[in-house]
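Below is one structure, written out as structure tokens; comments come after it.
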Amino acid sequence: MSAGLVIRRRDTFAFVHDRVQQAAYDLVPAQGRQQAHLTLGRQLLAALPPEERHTAVFEVAAQFNRGASLLVAAEERARIAALHLEAGSRAAATSAHVTALAYLDAGLSILGEGSNSDLEFELRFRRAESHFLSGDLAAAQAGFATLAAGPLPGDRQARVAVQQITLATAQGDNEAAVAYFLAYMRAAGFDWPVHPDIEQVRAEFGPIFEEIRGNSIEDRLTLPDSDDSNPNILVLIAILPAAFLVDLNLEGLVLGRMVNESRYVNCPGSVVGYTTVGYVLGPLFGEYAAGYQFGCLGMELLERPHLSLFRPRAMMTFAYHILPYARPLHTARELHRKAYESAKEHDDVTYSGFSLCTLISNLLASGEPLASVERQAEKMLASMRRVKFGLIVDMLTSQLMLVRRLRGSTLSILTFDDGDFDEAAFAADFEARLASDRLLAMAACWHYVRKMEGAVFACDYRDALEASARAKSFLWTSVIHLERVEYHLFTAVALAALADENPGCEAALAEHHAELEVYARNAPKNWRHHADLVAAERARLAGYHIDALRGFEASAASARANGFHHIEALAHERAASFCADIGLFAMAEAHRERAHAAYLAWGADGKARAMAELYPSLDKGRGTSGTALSGVGDIDLATVIRSSEAVTGEIALGSLLPTLMRIALENACASRGLLLIPRRDGLWIEAESEVGADEVSVTLRQRAPNARDASLELLAEVVRTQAPVVVGDAISDPRMRDELSAAVRQVRSVLALPLVRQGKLIGVLYLENDATPHAFTPARLAVLRLLASQAAISLENAALEEKEQLLREVHHRVKNNLQLISSLLNLQASRTSDAAVAELFAESRNRVRSMALVHENLYRAGTFARVAMGDHVRALCSHLARAYGEAPNRNAVEVDVAEVELDLDRAIPCGLIVNELVSNALKHAFPDGRAGTIRVTLEAQRQGRFVLSVADDGVGLPDGAESGDTLGLQLVRDLTEQLRGRIEVRSEHGTSFSIIFGVPNGGVQ
């Protein structure tokens, strides 16, 4: 220290320079250096506090490396090898795989060969894993093969199998992946072939079918949870991509086994099985409803944090493969977006990509405005290009080019080519890549489906059938995808349109129609119009003209009612062609006009223009000569339409407000703007925007305006009159003479524009221009009025969306809290030795469960005003039968409930009444093992009256029991009073309770 070569740093010493340290090191005799390193390593390890171990482990391991040859004791060698395992694992966690390999190799060298210990396995496993992740696939393959050849317990066999399967899949060797998988399964007791037949799949699904028949799928919610995934399930998850590409029946076996492996315990991997098994249950066995039930089970379990390991995958699978065949398509979109956000948060490129392209599939299939779809697809495509996810880039490109073709952005309605995009070159490129990457078959399928769809809308039916034939060869990749539905519909339309050139096409049409009917029966709001359109085409070809016209009209009406503009347009266009063929020219023109209007509503401007070129009368009376709007002077119509579409495309308030403010300032030539929305105590500022040097900045706010923000007098006038107020020159206008807002910013022009929807004030746009008087000309005011009408609709819809999200969360939390109470009652019942007390707890649990079911049904359905009583009562009775241990062959509970929806205030009392009466019948109506039937009905009568009945053919009530004061009967009487109804009790041939009540207007559908 006196020489200045060593300095003190708190409690340690350090050389002033690396060269000084090296010189000091050289003074140590060579024969003593290893011992010095070993001694230093031992001292560092002994003195190392646990909290500093993660940062110092590398330095300590390095000291032992230099003295490793002096280590003799087996116990110490194992301890130092474990230190190297820790260092290697920490390096691998930061993707420093070369460094990790150095530590892991050193650890194995120190440990010595042939120890056959847990430590040796971990070192070898981590080393092979690091070879894989660093790109040395041959070394990784050899490492895993060495491990697999030795005797291993089941969990380690699973870990090695997962890595071997993943490695082979990454190399594109799906057959090898399947071979590794089948070898593992044989060791686990399952001797499966590479290509199983459907009966083997059916046998694996046997226990699952029993659950479906017994309505006991949701019983899995009560199974114990495990944070650790079942090793078999992890192997099954790993093989899914390769099984999908090798044999679809093998994939079915895998999914069935995943669900069966979760029969007694739920683990993170169980969620994947539940949300994916519908992939087989629907297409192979027609059990779409059961697939949806399993999917809901998986989504419910996903809410438990310790089961959320596979969240992005589970959410995307449920949203895309399950929901469209059970619920309206739009209900899946938020789940797609959540899946993307979750995948992005966890750096899961695979499922972030699939979440995006499947969301676009959803938007296209449901006929969402094409302008909005195009903007979203462009953003998604740019995102996937940045991460170089080629498969998703190909899929999104095909989707985007279809949208651009329909919107008129390509060279013509007949092609995807647009000057930059070369359709032939694109197809040739991925056809060439397809030879070496079989997974691209899905992209090929989707591309040809989109090409066929575009050709049908262009009435180029021969090109459509050529694309259909190409798509068919890849259709195995899309078993339960929206693209498969599109394939059946558009192939059928093209076949029917060219029936004269395709004799015998009726058999093919019947097959396509049958597929669409299956979808329509399970989700009529999504697919009924598809099936009706093909039915109409078949009737047309069979010569049943009236049936054909009715079918086309039914298809268009269903599509219009559910917002499927493209199917509505296509149905009317095909009907117009048919009417013209049989000489009904006036009817043909009417259908053609409706088709044209629907295409415009969809945003398919290119298609609408192509129709107008063929039929000029379509443009008459529409005021579309030139590109200027009436009363707008030289304002460009296309700009106005794009602005309107931008506002229409935003559904979330957080993104709508900035979009609206930017568009308002751009179209009005304003320098500043406010958006104010009415609240209970008056207008509040929601957003403020200003024009900066390069862009419009938007700040979201929530406060009442003051005199510095805006003219409070002008705002009051707009609220009162619901008419625009324009100040041409704020300097000379007496209304602005004493206005602080005008003085502070030296405002020259002011516009206060009301946003009105059906006579209701939705908001006020307050715009200023600080440079020019009379900036808000009549032309600009006309444009802003058009935008204001659309903005009012969008603001109202966004507010409704926020309320629905809030209600969804409320119902979800209420349901979870009620289920927690139910679980606590169940736990308390299991801890009491008094049977009578335990029964009281069980009864209370069932009452709570009845209320929880209402909120659960509302949450799942996504409608928060009414409860579908049929589904609710069936689920409740099924739960009660299981709770009381009733065998289906002894006491049957029959439910016959009309398609009735009740509001929450009546659904809960009805559910509780059913709970009390069915529970009472299950406990008392059939003593001594007697068999019988309990029947629950809910019937609609005249003048808004309803009868809820619970009847059994049991022993009947004891004399005077109907007027007794038991808790259950007292509850039934109280709940009947709450319904403002009356009770009728009969005790002939069993017992019958009938509750007659009315429903006020709006309480029922």
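In the structure tokens, chains take the letters A, B, ... in the order shown, each chain's residues start at 1, and ligands count up from 1 in the order shown.
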- request: List every residue of range 511-733 of chain A that DSSP, applied to the backbone, labels as helix (DSSP H, G or I), and write the result as a VMD selection string.
  value: chain A and resid 511 to 522 524 to 542 545 to 561 565 to 581 585 to 602 605 to 614 616 to 619 637 to 649 653 to 668 712 to 721
Selection near Glu894 in chain A, 7 Å with only C-alpha atoms, sequence-local residues under 3 positions removed, as a PDB file with N, CA and C atoms, in the first residue's frame:
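selection.pdb written:
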```pdb
ATOM      1  N   ILE A 934     -87.738 -36.501 -11.301  1.00  0.00           N
ATOM      2  CA  ILE A 934     -88.029 -35.115 -10.915  1.00  0.00           C
ATOM      3  C   ILE A 934     -88.091 -34.304 -12.205  1.00  0.00           C
ATOM      4  N   ARG A 935     -89.123 -33.533 -12.399  1.00  0.00           N
ATOM      5  CA  ARG A 935     -89.305 -32.775 -13.632  1.00  0.00           C
ATOM      6  C   ARG A 935     -89.377 -31.288 -13.311  1.00  0.00           C
ATOM      7  N   VAL A 936     -88.519 -30.515 -13.971  1.00  0.00           N
ATOM      8  CA  VAL A 936     -88.472 -29.062 -13.783  1.00  0.00           C
ATOM      9  C   VAL A 936     -88.876 -28.403 -15.096  1.00  0.00           C
TER      10      VAL A 936
END
```
- prompt: Skipping near chain neighbours, those fewer than 2 positions away, what residues fall within 9 Å of range 149-162 of chain A using only C-alpha atoms, listed as number ranges by chain?
  reply: A: 121, 125, 144-147, 164-167, 180-181, 183-184, 187-188, 230-232, 234-239
Could you please take those selected residues and save N, CA, C and O atoms as a short mmCIF file (atom, residue, chain, number, x, y, z; two decimals), in the first residue's frame?
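Just written: selection06.cif:
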```cif
data_model
loop_
_atom_site.label_atom_id
_atom_site.label_comp_id
_atom_site.auth_asym_id
_atom_site.auth_seq_id
_atom_site.Cartn_x
_atom_site.Cartn_y
_atom_site.Cartn_z
N PHE A 121 -26.53 -36.07 -14.05
CA PHE A 121 -27.63 -35.92 -15.00
C PHE A 121 -27.90 -34.45 -15.30
O PHE A 121 -28.05 -34.06 -16.47
N PHE A 125 -27.60 -32.78 -18.88
CA PHE A 125 -28.84 -32.26 -19.46
C PHE A 125 -28.67 -30.78 -19.83
O PHE A 125 -29.01 -30.37 -20.94
N PHE A 144 -28.46 -35.62 -25.67
CA PHE A 144 -29.76 -36.14 -25.21
C PHE A 144 -29.86 -37.65 -25.44
O PHE A 144 -30.47 -38.37 -24.65
N ALA A 145 -29.26 -38.14 -26.55
CA ALA A 145 -29.29 -39.58 -26.82
C ALA A 145 -28.54 -40.34 -25.74
O ALA A 145 -28.98 -41.42 -25.31
N THR A 146 -27.40 -39.80 -25.28
CA THR A 146 -26.65 -40.45 -24.21
C THR A 146 -27.48 -40.53 -22.94
O THR A 146 -27.51 -41.57 -22.26
N LEU A 147 -28.17 -39.46 -22.62
CA LEU A 147 -29.01 -39.46 -21.42
C LEU A 147 -30.17 -40.45 -21.56
O LEU A 147 -30.50 -41.17 -20.62
N GLN A 164 -35.73 -33.94 -26.90
CA GLN A 164 -35.51 -34.67 -28.15
C GLN A 164 -36.61 -34.35 -29.17
O GLN A 164 -36.33 -34.14 -30.35
N ILE A 165 -37.85 -34.32 -28.70
CA ILE A 165 -38.97 -34.00 -29.58
C ILE A 165 -38.86 -32.58 -30.11
O ILE A 165 -39.03 -32.31 -31.31
N THR A 166 -38.55 -31.64 -29.21
CA THR A 166 -38.44 -30.22 -29.61
C THR A 166 -37.31 -30.02 -30.60
O THR A 166 -37.44 -29.28 -31.58
N LEU A 167 -36.17 -30.71 -30.36
CA LEU A 167 -35.01 -30.60 -31.25
C LEU A 167 -35.35 -31.14 -32.64
O LEU A 167 -35.06 -30.50 -33.66
N TYR A 180 -39.43 -40.46 -31.17
CA TYR A 180 -39.03 -40.21 -29.78
C TYR A 180 -40.26 -40.26 -28.86
O TYR A 180 -40.22 -40.83 -27.77
N PHE A 181 -41.33 -39.64 -29.31
CA PHE A 181 -42.55 -39.59 -28.51
C PHE A 181 -43.13 -40.98 -28.26
O PHE A 181 -43.47 -41.34 -27.13
N ALA A 183 -41.62 -43.82 -28.37
CA ALA A 183 -40.74 -44.59 -27.48
C ALA A 183 -41.00 -44.23 -26.02
O ALA A 183 -41.05 -45.11 -25.15
N TYR A 184 -41.18 -42.95 -25.76
CA TYR A 184 -41.49 -42.53 -24.39
C TYR A 184 -42.83 -43.10 -23.94
O TYR A 184 -42.97 -43.61 -22.82
N ALA A 187 -42.68 -46.72 -22.98
CA ALA A 187 -42.10 -46.88 -21.64
C ALA A 187 -43.13 -46.53 -20.56
O ALA A 187 -43.08 -47.06 -19.44
N ALA A 188 -44.07 -45.64 -20.90
CA ALA A 188 -45.11 -45.24 -19.95
C ALA A 188 -46.33 -46.17 -20.00
O ALA A 188 -47.30 -45.94 -19.26
N ASN A 230 -47.74 -32.40 -14.85
CA ASN A 230 -47.57 -33.83 -15.01
C ASN A 230 -46.53 -34.07 -16.12
O ASN A 230 -46.67 -33.54 -17.22
N PRO A 231 -45.46 -34.86 -15.86
CA PRO A 231 -44.42 -35.06 -16.90
C PRO A 231 -45.00 -35.59 -18.21
O PRO A 231 -44.57 -35.18 -19.29
N ASN A 232 -45.96 -36.51 -18.13
CA ASN A 232 -46.57 -37.03 -19.36
C ASN A 232 -47.23 -35.93 -20.17
O ASN A 232 -47.16 -35.90 -21.40
N LEU A 234 -46.42 -32.77 -20.26
CA LEU A 234 -45.39 -31.95 -20.91
C LEU A 234 -44.90 -32.60 -22.20
O LEU A 234 -44.66 -31.92 -23.21
N VAL A 235 -44.74 -33.92 -22.19
CA VAL A 235 -44.34 -34.63 -23.41
C VAL A 235 -45.45 -34.54 -24.46
O VAL A 235 -45.19 -34.32 -25.65
N LEU A 236 -46.69 -34.69 -24.03
CA LEU A 236 -47.82 -34.61 -24.96
C LEU A 236 -47.92 -33.22 -25.59
O LEU A 236 -48.21 -33.09 -26.79
N ILE A 237 -47.67 -32.18 -24.80
CA ILE A 237 -47.69 -30.82 -25.34
C ILE A 237 -46.58 -30.64 -26.37
O ILE A 237 -46.77 -30.05 -27.43
N ALA A 238 -45.40 -31.20 -26.06
CA ALA A 238 -44.25 -31.04 -26.96
C ALA A 238 -44.49 -31.68 -28.32
O ALA A 238 -44.04 -31.17 -29.35
N ILE A 239 -45.23 -32.80 -28.36
CA ILE A 239 -45.40 -33.53 -29.64
C ILE A 239 -46.52 -32.95 -30.48
O ILE A 239 -46.63 -33.28 -31.68
#
```
message: Which residues are close to range 970-976 of chain A, i.e. within 9 Å by only C-alpha atoms, leaving aside same-chain residues fewer than 4 positions away? Reply as a list in words.
response: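 Final neighbour list, sorted by chain and number: Pro909, Cys910, Leu912, Ile913, Val914, Glu916, Leu917, Gly964, Asp965, Thr966, Arg980, Gly981, Arg982, Ile983, Ile995, Ile996 and Phe997 of chain A.
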task: Tell me, as JSON, numbers by chain, which residues lie within 8 Å of Arg462 in chain A, counting only C-alpha atoms; anything in the same chain fewer than 3 positions away does not count.
output: {"A": [465, 466, 494, 498]}
Take the residues just selected and output them with N, CA and C atoms as a PDB file, in the first residue's frame.
```pdb
ATOM      1  N   LEU A 465     -62.380 -21.670 -58.595  1.00  0.00           N
ATOM      2  CA  LEU A 465     -62.320 -23.132 -58.504  1.00  0.00           C
ATOM      3  C   LEU A 465     -60.882 -23.640 -58.630  1.00  0.00           C
ATOM      4  N   GLU A 466     -60.056 -22.957 -59.402  1.00  0.00           N
ATOM      5  CA  GLU A 466     -58.643 -23.337 -59.467  1.00  0.00           C
ATOM      6  C   GLU A 466     -57.981 -23.145 -58.094  1.00  0.00           C
ATOM      7  N   ALA A 494     -68.864 -20.913 -55.995  1.00  0.00           N
ATOM      8  CA  ALA A 494     -68.219 -20.981 -57.305  1.00  0.00           C
ATOM      9  C   ALA A 494     -68.716 -22.191 -58.095  1.00  0.00           C
ATOM     10  N   LEU A 498     -70.962 -22.096 -61.733  1.00  0.00           N
ATOM     11  CA  LEU A 498     -70.504 -22.744 -62.969  1.00  0.00           C
ATOM     12  C   LEU A 498     -71.064 -24.156 -63.079  1.00  0.00           C
TER      13      LEU A 498
END
```
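Minimum atom-to-atom distances from A:Asn769, A:Ser697, A:Asn706, A:Ser468 to Gly728 in chain A were compared using only C-alpha atoms, and the lowest value belongs to A:Asn769.
Between CA of Arg538 in chain A and CA of Arg560 in chain A the separation is 21.6 Å.
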- request: Would you list the contacts of His336 in chain A as a VMD selection string, taking every protein, DNA or RNA residue within 7 Å and counting only C-alpha atoms, but skipping same-chain residues closer than 3 positions in sequence?
  value: chain A and resid 316 319 332 to 333 339 to 340 355 359
Surrounding residues of Thr699 in chain A excluding itself and chain neighbours under 4 positions, 12 Å, only C-alpha atoms, as a list of chain:residue names: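 Selected residues are A:Gly654, A:Ser655, A:Leu657, A:Pro658, A:Thr659, A:Met661, A:Arg662, A:Arg672, A:Gly673, A:Leu674, A:Leu675, A:Ile685, A:Glu686, A:Ala687, A:Glu688, A:Ser689, A:Glu690, A:Val691.
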